[in-house]
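A.B. asks: Data file data.csv (CSV, C-alpha atoms and all ligand atoms) is appended below.
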```
chain,number,residue,atom,x,y,z
A,1,MET,CA,3.3,-243.8,254.3
A,2,PHE,CA,-0.2,-243.0,255.4
A,3,CYS,CA,-2.5,-240.3,254.1
A,4,PRO,CA,-2.8,-237.4,256.6
A,5,GLU,CA,-6.3,-236.6,255.4
A,6,CYS,CA,-8.0,-240.0,255.5
A,7,GLY,CA,-5.5,-242.0,257.4
A,8,SER,CA,-5.4,-244.9,255.0
A,9,SER,CA,-2.0,-246.4,254.4
A,10,ASP,CA,-2.6,-248.9,251.5
A,11,LYS,CA,-3.2,-246.4,248.7
A,12,GLU,CA,-1.0,-244.9,246.0
A,13,MET,CA,0.3,-241.5,247.2
A,14,ILE,CA,0.2,-238.3,245.1
A,15,GLY,CA,2.7,-236.1,246.9
A,16,ASP,CA,1.7,-236.1,250.5
A,17,ILE,CA,-1.8,-237.4,250.2
A,18,CYS,CA,-3.5,-240.5,248.9
A,19,ILE,CA,-4.9,-240.7,245.4
A,20,ASP,CA,-8.5,-240.6,246.6
A,21,CYS,CA,-8.0,-237.5,248.6
A,22,PHE,CA,-6.0,-235.9,245.8
A,23,LEU,CA,-8.8,-236.6,243.3
A,24,LYS,CA,-11.4,-234.9,245.5
A,25,ASN,CA,-10.0,-231.5,244.7
A,26,TYR,CA,-8.5,-232.4,241.3
A,27,GLN,CA,-9.8,-231.0,238.0
A,28,PHE,CA,-7.9,-232.1,234.9
A,29,LEU,CA,-9.6,-229.6,232.5
A,30,GLU,CA,-9.8,-225.9,232.9
A,31,ILE,CA,-11.9,-223.5,230.8
A,32,PRO,CA,-13.1,-220.0,231.5
A,33,GLN,CA,-16.9,-219.8,232.1
A,34,HIS,CA,-17.1,-216.9,229.8
A,35,ILE,CA,-15.0,-216.3,226.7
A,36,ASN,CA,-15.2,-213.3,224.4
A,37,ILE,CA,-14.2,-213.4,220.8
A,38,THR,CA,-14.2,-210.7,218.1
A,39,VAL,CA,-15.3,-211.9,214.7
A,40,CYS,CA,-15.6,-210.0,211.4
A,41,LYS,CA,-19.2,-210.0,210.4
A,42,HIS,CA,-18.3,-210.1,206.8
A,43,CYS,CA,-15.7,-212.8,206.5
A,44,ASN,CA,-15.9,-214.5,209.9
A,45,ALA,CA,-12.2,-213.8,210.5
A,46,LYS,CA,-11.4,-214.0,214.2
A,47,TYR,CA,-9.3,-211.5,216.1
A,48,TYR,CA,-6.7,-213.5,217.8
A,49,LYS,CA,-3.6,-212.3,219.6
A,50,GLY,CA,-3.4,-209.1,217.6
A,51,ASN,CA,-4.2,-210.7,214.2
A,52,TRP,CA,-7.2,-211.4,212.2
A,53,ILE,CA,-7.1,-215.1,211.3
A,54,ASP,CA,-9.2,-218.0,209.9
A,55,GLU,CA,-11.4,-216.1,207.7
A,56,ASN,CA,-14.3,-217.8,205.8
A,57,ILE,CA,-14.8,-220.6,208.3
A,58,PRO,CA,-18.3,-221.1,209.5
A,59,GLU,CA,-19.4,-219.5,212.8
A,60,GLU,CA,-19.9,-222.8,214.5
A,61,GLU,CA,-16.4,-223.8,213.7
A,62,VAL,CA,-15.1,-220.5,215.0
A,63,ILE,CA,-16.8,-221.3,218.3
A,64,TYR,CA,-15.4,-224.8,218.5
A,65,ARG,CA,-11.9,-223.5,217.8
A,66,THR,CA,-12.3,-220.9,220.5
A,67,LEU,CA,-13.3,-223.5,223.0
A,68,GLU,CA,-10.3,-225.7,222.0
A,69,ASP,CA,-8.0,-222.7,222.3
A,70,ASN,CA,-9.2,-222.0,225.8
A,71,ILE,CA,-9.1,-225.5,227.2
A,72,HIS,CA,-6.2,-226.2,229.4
A,73,LEU,CA,-5.5,-229.8,230.1
A,74,ASP,CA,-3.4,-231.1,233.0
A,75,ASP,CA,-0.2,-232.9,231.7
A,76,LYS,CA,-0.8,-235.9,233.9
A,77,ILE,CA,-4.0,-236.8,232.1
A,78,GLU,CA,-3.9,-239.5,229.4
A,79,ASN,CA,-6.2,-240.9,226.7
A,80,GLU,CA,-8.5,-237.9,227.0
A,81,ILE,CA,-11.6,-237.6,224.9
A,82,ILE,CA,-13.1,-234.1,224.9
A,83,ASP,CA,-16.6,-233.6,223.5
A,84,LEU,CA,-17.6,-230.0,222.7
A,85,GLU,CA,-21.2,-229.1,222.0
A,86,ILE,CA,-22.9,-225.8,221.2
A,87,ARG,CA,-26.2,-226.3,223.1
A,88,GLN,CA,-27.9,-223.1,221.9
A,89,MET,CA,-27.3,-219.6,220.6
A,90,ARG,CA,-28.7,-216.9,222.7
A,91,GLY,CA,-28.3,-213.7,220.7
A,92,THR,CA,-24.5,-213.4,220.2
A,93,ILE,CA,-23.8,-215.9,223.0
A,94,ALA,CA,-23.2,-219.5,222.3
A,95,GLU,CA,-24.0,-221.7,225.3
A,96,CYS,CA,-21.6,-224.6,225.2
A,97,THR,CA,-20.9,-227.8,227.1
A,98,ILE,CA,-17.7,-229.6,227.4
A,99,ASP,CA,-17.7,-233.3,228.4
A,100,ALA,CA,-14.3,-234.7,229.1
A,101,ILE,CA,-13.0,-238.1,229.9
A,102,GLY,CA,-9.5,-238.7,230.9
A,103,GLU,CA,-7.3,-241.3,232.6
A,104,PHE,CA,-5.3,-240.4,235.7
A,105,LYS,CA,-3.0,-243.2,236.8
A,106,GLY,CA,-5.3,-245.8,235.3
A,107,ARG,CA,-8.5,-244.3,236.7
A,108,GLU,CA,-11.1,-242.9,234.5
A,109,LEU,CA,-12.2,-239.4,235.4
A,110,ILE,CA,-15.2,-237.6,233.9
A,111,GLU,CA,-15.7,-233.8,234.0
A,112,HIS,CA,-18.5,-231.6,232.7
A,113,TYR,CA,-18.4,-227.8,232.1
A,114,ASN,CA,-20.7,-225.1,230.8
A,115,THR,CA,-19.1,-222.2,229.1
A,116,GLU,CA,-20.4,-219.2,227.2
A,117,VAL,CA,-18.7,-217.9,224.1
A,118,GLN,CA,-19.7,-214.4,223.3
A,119,ILE,CA,-19.2,-213.2,219.8
A,120,LYS,CA,-18.6,-209.6,219.3
A,121,ASN,CA,-19.1,-208.5,215.7
A,122,SER,CA,-16.7,-206.2,214.1
A,123,THR,CA,-15.2,-205.5,210.7
A,124,CYS,CA,-11.7,-206.7,209.9
A,125,PRO,CA,-9.3,-204.3,208.2
A,126,ASN,CA,-9.6,-206.2,204.9
A,127,CYS,CA,-13.3,-206.1,204.8
A,128,SER,CA,-13.4,-202.5,205.7
A,129,LYS,CA,-11.0,-201.8,202.9
A,130,ILE,CA,-13.3,-203.7,200.5
A,131,ALA,CA,-16.4,-202.0,201.8
A,132,SER,CA,-14.7,-198.6,201.1
A,133,GLY,CA,-14.0,-199.5,197.5
A,134,TYR,CA,-10.3,-200.0,198.1
A,135,TYR,CA,-8.2,-201.3,195.1
A,136,GLU,CA,-4.5,-201.6,194.6
A,137,VAL,CA,-4.4,-202.4,190.9
A,138,VAL,CA,-6.2,-201.5,187.7
A,139,ILE,CA,-5.8,-203.9,184.8
A,140,GLN,CA,-6.5,-202.3,181.5
A,141,LEU,CA,-7.2,-204.7,178.7
A,142,ARG,CA,-6.7,-203.3,175.3
A,143,ALA,CA,-6.2,-204.5,171.7
A,144,ASP,CA,-3.5,-203.0,169.6
A,145,ASP,CA,-4.9,-200.9,166.8
A,146,ARG,CA,-8.3,-202.5,166.9
A,147,GLU,CA,-11.2,-203.0,169.3
A,148,LEU,CA,-11.5,-206.1,171.5
A,149,ASN,CA,-14.0,-208.6,170.0
A,150,PRO,CA,-16.9,-210.0,172.1
A,151,LYS,CA,-15.2,-213.4,172.5
A,152,GLU,CA,-12.1,-211.7,173.8
A,153,LYS,CA,-14.1,-209.6,176.3
A,154,GLU,CA,-15.9,-212.7,177.5
A,155,ASP,CA,-12.7,-214.8,177.8
A,156,ALA,CA,-11.1,-212.0,179.8
A,157,ASP,CA,-14.0,-211.6,182.2
A,158,ASN,CA,-13.9,-215.4,182.8
A,159,ILE,CA,-10.2,-215.4,183.4
A,160,VAL,CA,-10.4,-212.5,185.9
A,161,ASN,CA,-13.3,-214.1,187.8
A,162,SER,CA,-11.8,-217.5,187.9
A,163,VAL,CA,-8.4,-216.3,189.1
A,164,LEU,CA,-9.9,-214.1,191.8
A,165,ASN,CA,-12.2,-216.8,193.0
A,166,LYS,CA,-9.2,-219.1,193.5
A,167,GLN,CA,-7.1,-216.4,195.0
A,168,TYR,CA,-9.8,-215.3,197.4
A,169,LYS,CA,-9.3,-218.4,199.5
A,170,LYS,CA,-5.9,-217.0,200.6
A,171,ASP,CA,-6.1,-213.4,199.7
A,172,LYS,CA,-9.1,-211.5,201.2
A,173,LEU,CA,-8.4,-208.5,198.9
A,174,ALA,CA,-8.7,-210.7,195.7
A,175,VAL,CA,-11.9,-209.0,194.7
A,176,LEU,CA,-13.1,-207.2,191.6
A,177,GLN,CA,-14.2,-203.9,192.9
A,178,GLU,CA,-15.3,-202.5,189.6
A,179,LYS,CA,-15.3,-203.3,186.0
A,180,ALA,CA,-15.4,-200.5,183.5
A,181,LYS,CA,-16.4,-201.2,179.9
A,182,LEU,CA,-14.9,-198.6,177.7
A,183,LYS,CA,-14.9,-198.2,174.0
A,184,GLU,CA,-11.2,-199.0,173.9
A,185,GLY,CA,-11.3,-202.0,176.2
A,186,THR,CA,-12.1,-203.1,179.8
A,187,ASP,CA,-10.7,-201.8,183.1
A,188,TYR,CA,-10.7,-204.2,186.0
A,189,TYR,CA,-10.3,-202.6,189.5
A,190,ILE,CA,-8.8,-205.3,191.8
A,191,GLY,CA,-8.4,-205.1,195.5
A,192,SER,CA,-5.0,-206.7,195.8
A,193,TYR,CA,-1.9,-206.1,193.8
A,194,LYS,CA,-0.6,-209.7,194.4
A,195,SER,CA,-3.8,-211.2,193.0
A,196,GLY,CA,-3.9,-208.6,190.2
A,197,LYS,CA,-0.5,-209.9,189.1
A,198,LYS,CA,-1.9,-213.5,189.0
A,199,VAL,CA,-4.7,-212.2,186.8
A,200,ILE,CA,-2.3,-210.4,184.4
A,201,ASN,CA,-0.2,-213.6,184.1
A,202,ARG,CA,-3.2,-215.6,183.1
A,203,LEU,CA,-4.4,-213.0,180.7
A,204,ARG,CA,-1.0,-213.0,179.1
A,205,ASP,CA,-0.9,-216.8,178.8
A,206,HIS,CA,-4.2,-216.6,177.0
A,207,PHE,CA,-3.8,-213.5,174.8
A,208,GLY,CA,-0.1,-212.8,174.6
A,209,GLY,CA,0.7,-209.1,174.1
A,210,ILE,CA,2.6,-206.3,175.7
A,211,ILE,CA,2.4,-205.5,179.4
A,212,LYS,CA,3.2,-202.2,180.9
A,213,GLU,CA,3.1,-201.4,184.6
A,214,SER,CA,2.9,-197.9,185.9
A,215,PRO,CA,2.7,-197.3,189.6
A,216,ARG,CA,1.3,-194.0,190.8
A,217,LEU,CA,1.8,-192.5,194.2
A,218,ILE,CA,-1.7,-192.1,195.7
A,219,SER,CA,-0.9,-190.7,199.1
A,220,GLU,CA,1.9,-190.4,201.6
A,221,ASP,CA,1.5,-190.4,205.3
A,222,LYS,CA,3.6,-187.5,206.4
A,223,SER,CA,4.2,-188.8,209.9
A,224,THR,CA,5.2,-192.3,209.0
A,225,GLY,CA,6.6,-191.7,205.5
A,226,LYS,CA,4.5,-194.6,204.3
A,227,LYS,CA,3.6,-194.3,200.7
A,228,LEU,CA,0.5,-195.8,199.1
A,229,TYR,CA,0.9,-196.7,195.5
A,230,ARG,CA,-1.7,-197.8,193.1
A,231,VAL,CA,-0.6,-199.7,190.0
A,232,TRP,CA,-2.0,-199.5,186.5
A,233,ILE,CA,-1.1,-202.5,184.4
A,234,SER,CA,-2.0,-202.4,180.8
A,235,ILE,CA,-2.1,-205.5,178.6
A,236,ARG,CA,-2.2,-204.7,174.9
A,237,ILE,CA,-3.1,-207.8,173.0
A,238,PRO,CA,-1.8,-208.1,169.5
A,239,LYS,CA,-3.5,-206.6,166.4
A,240,PHE,CA,-3.4,-210.0,164.8
A,241,GLN,CA,-5.3,-213.1,165.7
A,242,LEU,CA,-5.0,-216.7,164.9
A,243,GLY,CA,-5.3,-217.2,161.1
A,244,ASP,CA,-4.4,-213.7,160.1
A,245,ILE,CA,-1.5,-213.0,157.7
A,246,ILE,CA,1.5,-210.9,158.9
A,247,LYS,CA,4.8,-209.8,157.6
A,248,TYR,CA,8.0,-210.0,159.7
A,249,GLN,CA,11.3,-209.1,158.2
A,250,ASN,CA,11.1,-210.9,154.8
A,251,ASN,CA,8.6,-213.6,155.9
A,252,ILE,CA,5.0,-213.5,155.2
A,253,GLY,CA,3.2,-215.9,157.5
A,254,GLN,CA,-0.1,-217.0,158.9
A,255,VAL,CA,-0.6,-216.8,162.7
A,256,ILE,CA,-0.8,-220.3,164.2
A,257,ASP,CA,-0.2,-219.7,167.9
A,258,ILE,CA,-0.1,-216.8,170.4
A,259,ASN,CA,1.2,-217.4,173.9
A,260,ALA,CA,2.8,-215.5,176.8
A,261,ASP,CA,6.3,-215.5,175.3
A,262,LYS,CA,5.8,-215.2,171.6
A,263,SER,CA,3.7,-215.6,168.5
A,264,LEU,CA,4.2,-218.4,166.1
A,265,PHE,CA,3.7,-218.1,162.3
A,266,CYS,CA,3.8,-220.4,159.3
A,267,ASP,CA,5.6,-219.0,156.3
A,268,LEU,CA,3.3,-219.0,153.3
A,269,LYS,CA,6.0,-219.8,150.8
A,270,THR,CA,8.1,-222.3,152.6
A,271,ASP,CA,5.6,-223.6,155.3
A,272,LYS,CA,8.4,-223.3,157.8
A,273,HIS,CA,7.4,-222.1,161.2
A,274,PHE,CA,9.0,-218.9,162.7
A,275,SER,CA,8.3,-217.1,166.0
A,276,VAL,CA,8.6,-213.6,167.2
A,277,SER,CA,9.0,-212.7,170.8
A,278,TRP,CA,6.9,-209.8,172.3
A,279,ALA,CA,10.0,-207.7,172.4
A,280,HIS,CA,9.9,-207.6,168.6
A,281,TYR,CA,6.2,-207.3,168.3
A,282,GLU,CA,6.3,-203.8,166.9
A,283,GLU,CA,8.2,-205.1,163.8
A,284,VAL,CA,5.3,-207.4,162.9
A,285,GLU,CA,3.1,-205.9,160.3
A,286,LEU,CA,-0.5,-207.1,159.8
A,287,ILE,CA,-1.1,-207.8,156.2
A,288,GLU,CA,-4.6,-209.2,156.2
A,289,LYS,CA,-7.2,-210.2,158.7
A,290,LYS,CA,-8.7,-213.6,158.1
A,291,GLU,CA,-12.2,-212.2,157.8
A,292,ASP,CA,-11.0,-210.1,154.9
A,293,PHE,CA,-9.6,-213.0,152.9
A,294,GLN,CA,-10.6,-213.2,149.3
A,295,LYS,CA,-12.4,-216.3,148.1
A,296,THR,CA,-12.2,-218.1,144.9
A,297,MET,CA,-13.0,-221.4,143.2
A,298,VAL,CA,-10.8,-224.4,142.5
A,299,ILE,CA,-11.2,-225.3,138.9
A,300,SER,CA,-8.9,-228.3,138.5
A,301,LYS,CA,-6.5,-230.3,140.5
A,302,PHE,CA,-3.5,-232.2,139.2
A,303,SER,CA,-0.7,-234.1,141.0
A,304,SER,CA,1.6,-231.1,140.6
A,305,THR,CA,-0.8,-228.2,140.3
A,306,LEU,CA,-3.9,-226.7,141.9
A,307,GLN,CA,-5.7,-224.6,139.4
A,308,ILE,CA,-7.8,-221.7,140.8
A,309,LEU,CA,-9.7,-218.8,139.3
A,310,ASN,CA,-7.8,-215.6,139.6
A,311,PRO,CA,-10.4,-213.4,141.2
A,312,GLU,CA,-9.0,-210.3,139.6
A,313,THR,CA,-8.8,-211.5,136.0
A,314,TYR,CA,-11.1,-214.5,136.1
A,315,LEU,CA,-8.4,-216.4,134.3
A,316,GLU,CA,-7.0,-219.7,135.6
A,317,TYR,CA,-4.1,-219.5,137.9
A,318,ASN,CA,-1.7,-222.3,138.8
A,319,ILE,CA,-0.5,-223.1,142.2
A,320,GLU,CA,2.2,-225.6,142.9
A,321,MET,CA,0.7,-228.6,144.6
A,322,LYS,CA,1.5,-229.2,148.3
A,323,ASP,CA,0.5,-232.0,150.7
A,324,LYS,CA,-1.7,-229.6,152.6
A,325,TYR,CA,-3.8,-229.0,149.5
A,326,LYS,CA,-4.6,-232.7,149.1
A,327,ASN,CA,-8.0,-232.4,150.6
A,328,ILE,CA,-9.1,-229.5,148.4
A,329,ASN,CA,-11.5,-230.6,145.7
A,330,ILE,CA,-12.5,-229.2,142.3
A,331,GLY,CA,-15.4,-226.8,142.8
A,332,ASP,CA,-14.5,-225.9,146.4
A,333,GLU,CA,-14.5,-222.3,147.4
A,334,ILE,CA,-11.2,-221.5,149.2
A,335,ASN,CA,-9.6,-218.5,150.9
A,336,ILE,CA,-6.6,-217.0,149.2
A,337,ILE,CA,-4.3,-214.2,149.7
A,338,LYS,CA,-2.2,-212.3,147.2
A,339,VAL,CA,1.3,-211.5,148.3
A,340,ASN,CA,3.9,-210.1,145.9
A,341,ASN,CA,1.7,-210.9,142.9
A,342,GLU,CA,1.4,-214.5,143.9
A,343,PHE,CA,-1.7,-216.2,145.2
A,344,TYR,CA,-1.6,-218.5,148.2
A,345,PRO,CA,-4.5,-220.8,149.3
A,346,LEU,CA,-5.2,-220.6,153.0
A,347,ILE,CA,-6.2,-223.8,154.7
A,401,ZN,ZN,-6.4,-240.0,251.7
A,402,ZN,ZN,-13.5,-209.5,207.3
```
Translate this file's structure into structure tokens.
C.D. replies:
Amino acid sequence: MFCPECGSSDKEMIGDICIDCFLKNYQFLEIPQHINITVCKHCNAKYYKGNWIDENIPEEEVIYRTLEDNIHLDDKIENEIIDLEIRQMRGTIAECTIDAIGEFKGRELIEHYNTEVQIKNSTCPNCSKIASGYYEVVIQLRADDRELNPKEKEDADNIVNSVLNKQYKKDKLAVLQEKAKLKEGTDYYIGSYKSGKKVINRLRDHFGGIIKESPRLISEDKSTGKKLYRVWISIRIPKFQLGDIIKYQNNIGQVIDINADKSLFCDLKTDKHFSVSWAHYEEVELIEKKEDFQKTMVISKFSSTLQILNPETYLEYNIEMKDKYKNINIGDEINIIKVNNEFYPLI
């Protein structure tokens, strides 16, 4: 076989011609000289094949990925090394260079290209929703039969912010659009329902309580029949807090834990623990808040009895000794509660 172009007969042939003649017109990398991309100016999401993708990646990275997406490499090339560089930004145009090295049948080939990536700024649908104040869910934090205390308000704000910050990485609508501080509680307006649900779950883990969800139809597109709902989710946290005294059925107990599923109490008389699920919350009666506990003095301490001053009569009052009273000393001021004419020290 000899090459019809150069006449040589001792070279490897590629199709009808020798490798040297083939390589004269061969280009292993192709890239357009000018590439347009549409990028959201708020979140840097890129419009790609009908979708907005890759939000929150830096502009430089958007340009590099655009170059990579537009490079077409011949299959016959091996061990390629492609070096991309943004030489300079000229307004919205990135002037880029592509240096490529590849192996073709054992020969090293080097190619060099200049390409412009033009960034067209736009606003993606998520960002335009956020800019217009869009929200899908309102979380209403309330306390049952009392006001929220400052610590609860602060804890709730922190939970809302931390969940949304985490969610924002994958959910562009995970934003707090508005927070309304009302006398009866706090309302959080959240962009996305999905992330709003995550927030409510975390609030429930922290505070317990009763959750009620009420969707309302906001609008309906007559032509498509598509309905837009907005959901109000209320979380009513319990009237009692840790340390308070409650009554449930025939038990009088102190609140020792509150979680997403139930509240846990310690029976004053028997020291046995009992729990009440949120489904039965309404049957729990608050007897006394811990800040309202009466105080009294310990006057003597025996192996079988703790003697306190009856705060009503100022006479001595005997309480059966328990292990948990061991650290109480004569002269200590302790909290007590009177239930069914009996006093119980509260540790
Ligand atoms: Zn040839
Ligand atoms: Zn955006």
A.B. asks: Choose the residue, out of A:Cys21, A:Leu29, A:Val160, A:Ala143, that has the smallest atom-to-atom separation from Tyr189 of chain A; count only C-alpha atoms.
C.D. replies: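 Closest residue, counting only C-alpha atoms: A:Val160.
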A.B. asks: Just give me the residues with any atom within 12 Å of (-5.3, -210.3, 196.8), file coordinates, counting all atoms listed in the file, written as a ChimeraX atom specification.
C.D. replies: /A:126,129-130,134-137,163-177,189-199
A.B. asks: Rounded to one decimal, what separation in Å do you get between atom CA of Leu67 of chain A and atom CA of Ile31 of chain A?
C.D. replies: 7.9 Å
A.B. asks: Counting only C-alpha atoms and all ligand atoms, what are the residues, protein, DNA or RNA alike, that approach ligand ZN 401 (chain A) to within 7 Å? I want them as an MDAnalysis selection string.
C.D. replies: chainID A and resid 3:8 17:21
A.B. asks: Would you write out those residues with C-alpha atoms, as an mmCIF file, in the frame of the given file?
C.D. replies:
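Below is the file that was written, again_1.cif:
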```
data_model
loop_
_atom_site.group_PDB
_atom_site.id
_atom_site.type_symbol
_atom_site.label_atom_id
_atom_site.label_comp_id
_atom_site.auth_asym_id
_atom_site.auth_seq_id
_atom_site.Cartn_x
_atom_site.Cartn_y
_atom_site.Cartn_z
ATOM 1 C CA CYS A 3 -2.500 -240.300 254.100
ATOM 2 C CA PRO A 4 -2.800 -237.400 256.600
ATOM 3 C CA GLU A 5 -6.300 -236.600 255.400
ATOM 4 C CA CYS A 6 -8.000 -240.000 255.500
ATOM 5 C CA GLY A 7 -5.500 -242.000 257.400
ATOM 6 C CA SER A 8 -5.400 -244.900 255.000
ATOM 7 C CA ILE A 17 -1.800 -237.400 250.200
ATOM 8 C CA CYS A 18 -3.500 -240.500 248.900
ATOM 9 C CA ILE A 19 -4.900 -240.700 245.400
ATOM 10 C CA ASP A 20 -8.500 -240.600 246.600
ATOM 11 C CA CYS A 21 -8.000 -237.500 248.600
#
```
A.B. asks: Skip segment 202-207 of chain A itself and residues of its chain fewer than 5 positions away, then list as a PyMOL selection string all residues within 7 Å of it, counting only C-alpha atoms.
C.D. replies: chain A and resi 156+159+237+258-260
A.B. asks: Could you tell me which of A:Ile334, A:Asp221, A:Asn161, A:Asp144 comes closest to Gln241 of chain A if we count only C-alpha atoms?
C.D. replies: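 Using only C-alpha atoms, Gln241 of chain A sits closest to A:Asp144.
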A.B. asks: Show me which residues are within 9 Å of ligand ZN 402 (chain A) counting only C-alpha atoms and all ligand atoms, and format the list as an mmCIF file with C-alpha atoms, keeping the file's coordinate frame.
C.D. replies:
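Writing the result to part38.cif gives the following:
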```
data_model
loop_
_atom_site.group_PDB
_atom_site.id
_atom_site.type_symbol
_atom_site.label_atom_id
_atom_site.label_comp_id
_atom_site.auth_asym_id
_atom_site.auth_seq_id
_atom_site.Cartn_x
_atom_site.Cartn_y
_atom_site.Cartn_z
ATOM 1 C CA VAL A 39 -15.300 -211.900 214.700
ATOM 2 C CA CYS A 40 -15.600 -210.000 211.400
ATOM 3 C CA LYS A 41 -19.200 -210.000 210.400
ATOM 4 C CA HIS A 42 -18.300 -210.100 206.800
ATOM 5 C CA CYS A 43 -15.700 -212.800 206.500
ATOM 6 C CA ASN A 44 -15.900 -214.500 209.900
ATOM 7 C CA ALA A 45 -12.200 -213.800 210.500
ATOM 8 C CA LYS A 46 -11.400 -214.000 214.200
ATOM 9 C CA TRP A 52 -7.200 -211.400 212.200
ATOM 10 C CA GLU A 55 -11.400 -216.100 207.700
ATOM 11 C CA ASN A 56 -14.300 -217.800 205.800
ATOM 12 C CA SER A 122 -16.700 -206.200 214.100
ATOM 13 C CA THR A 123 -15.200 -205.500 210.700
ATOM 14 C CA CYS A 124 -11.700 -206.700 209.900
ATOM 15 C CA PRO A 125 -9.300 -204.300 208.200
ATOM 16 C CA ASN A 126 -9.600 -206.200 204.900
ATOM 17 C CA CYS A 127 -13.300 -206.100 204.800
ATOM 18 C CA SER A 128 -13.400 -202.500 205.700
ATOM 19 C CA ILE A 130 -13.300 -203.700 200.500
ATOM 20 C CA LYS A 172 -9.100 -211.500 201.200
#
```
A.B. asks: With distances taken over all atoms listed in the file, which residue among A:Glu80, A:Asp157, A:Glu61, A:Glu213 lies nearest Ile233 of chain A?
C.D. replies: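 Going through A:Glu80, A:Asp157, A:Glu61, A:Glu213 one by one, the smallest distance to Ile233 of chain A is for A:Glu213.
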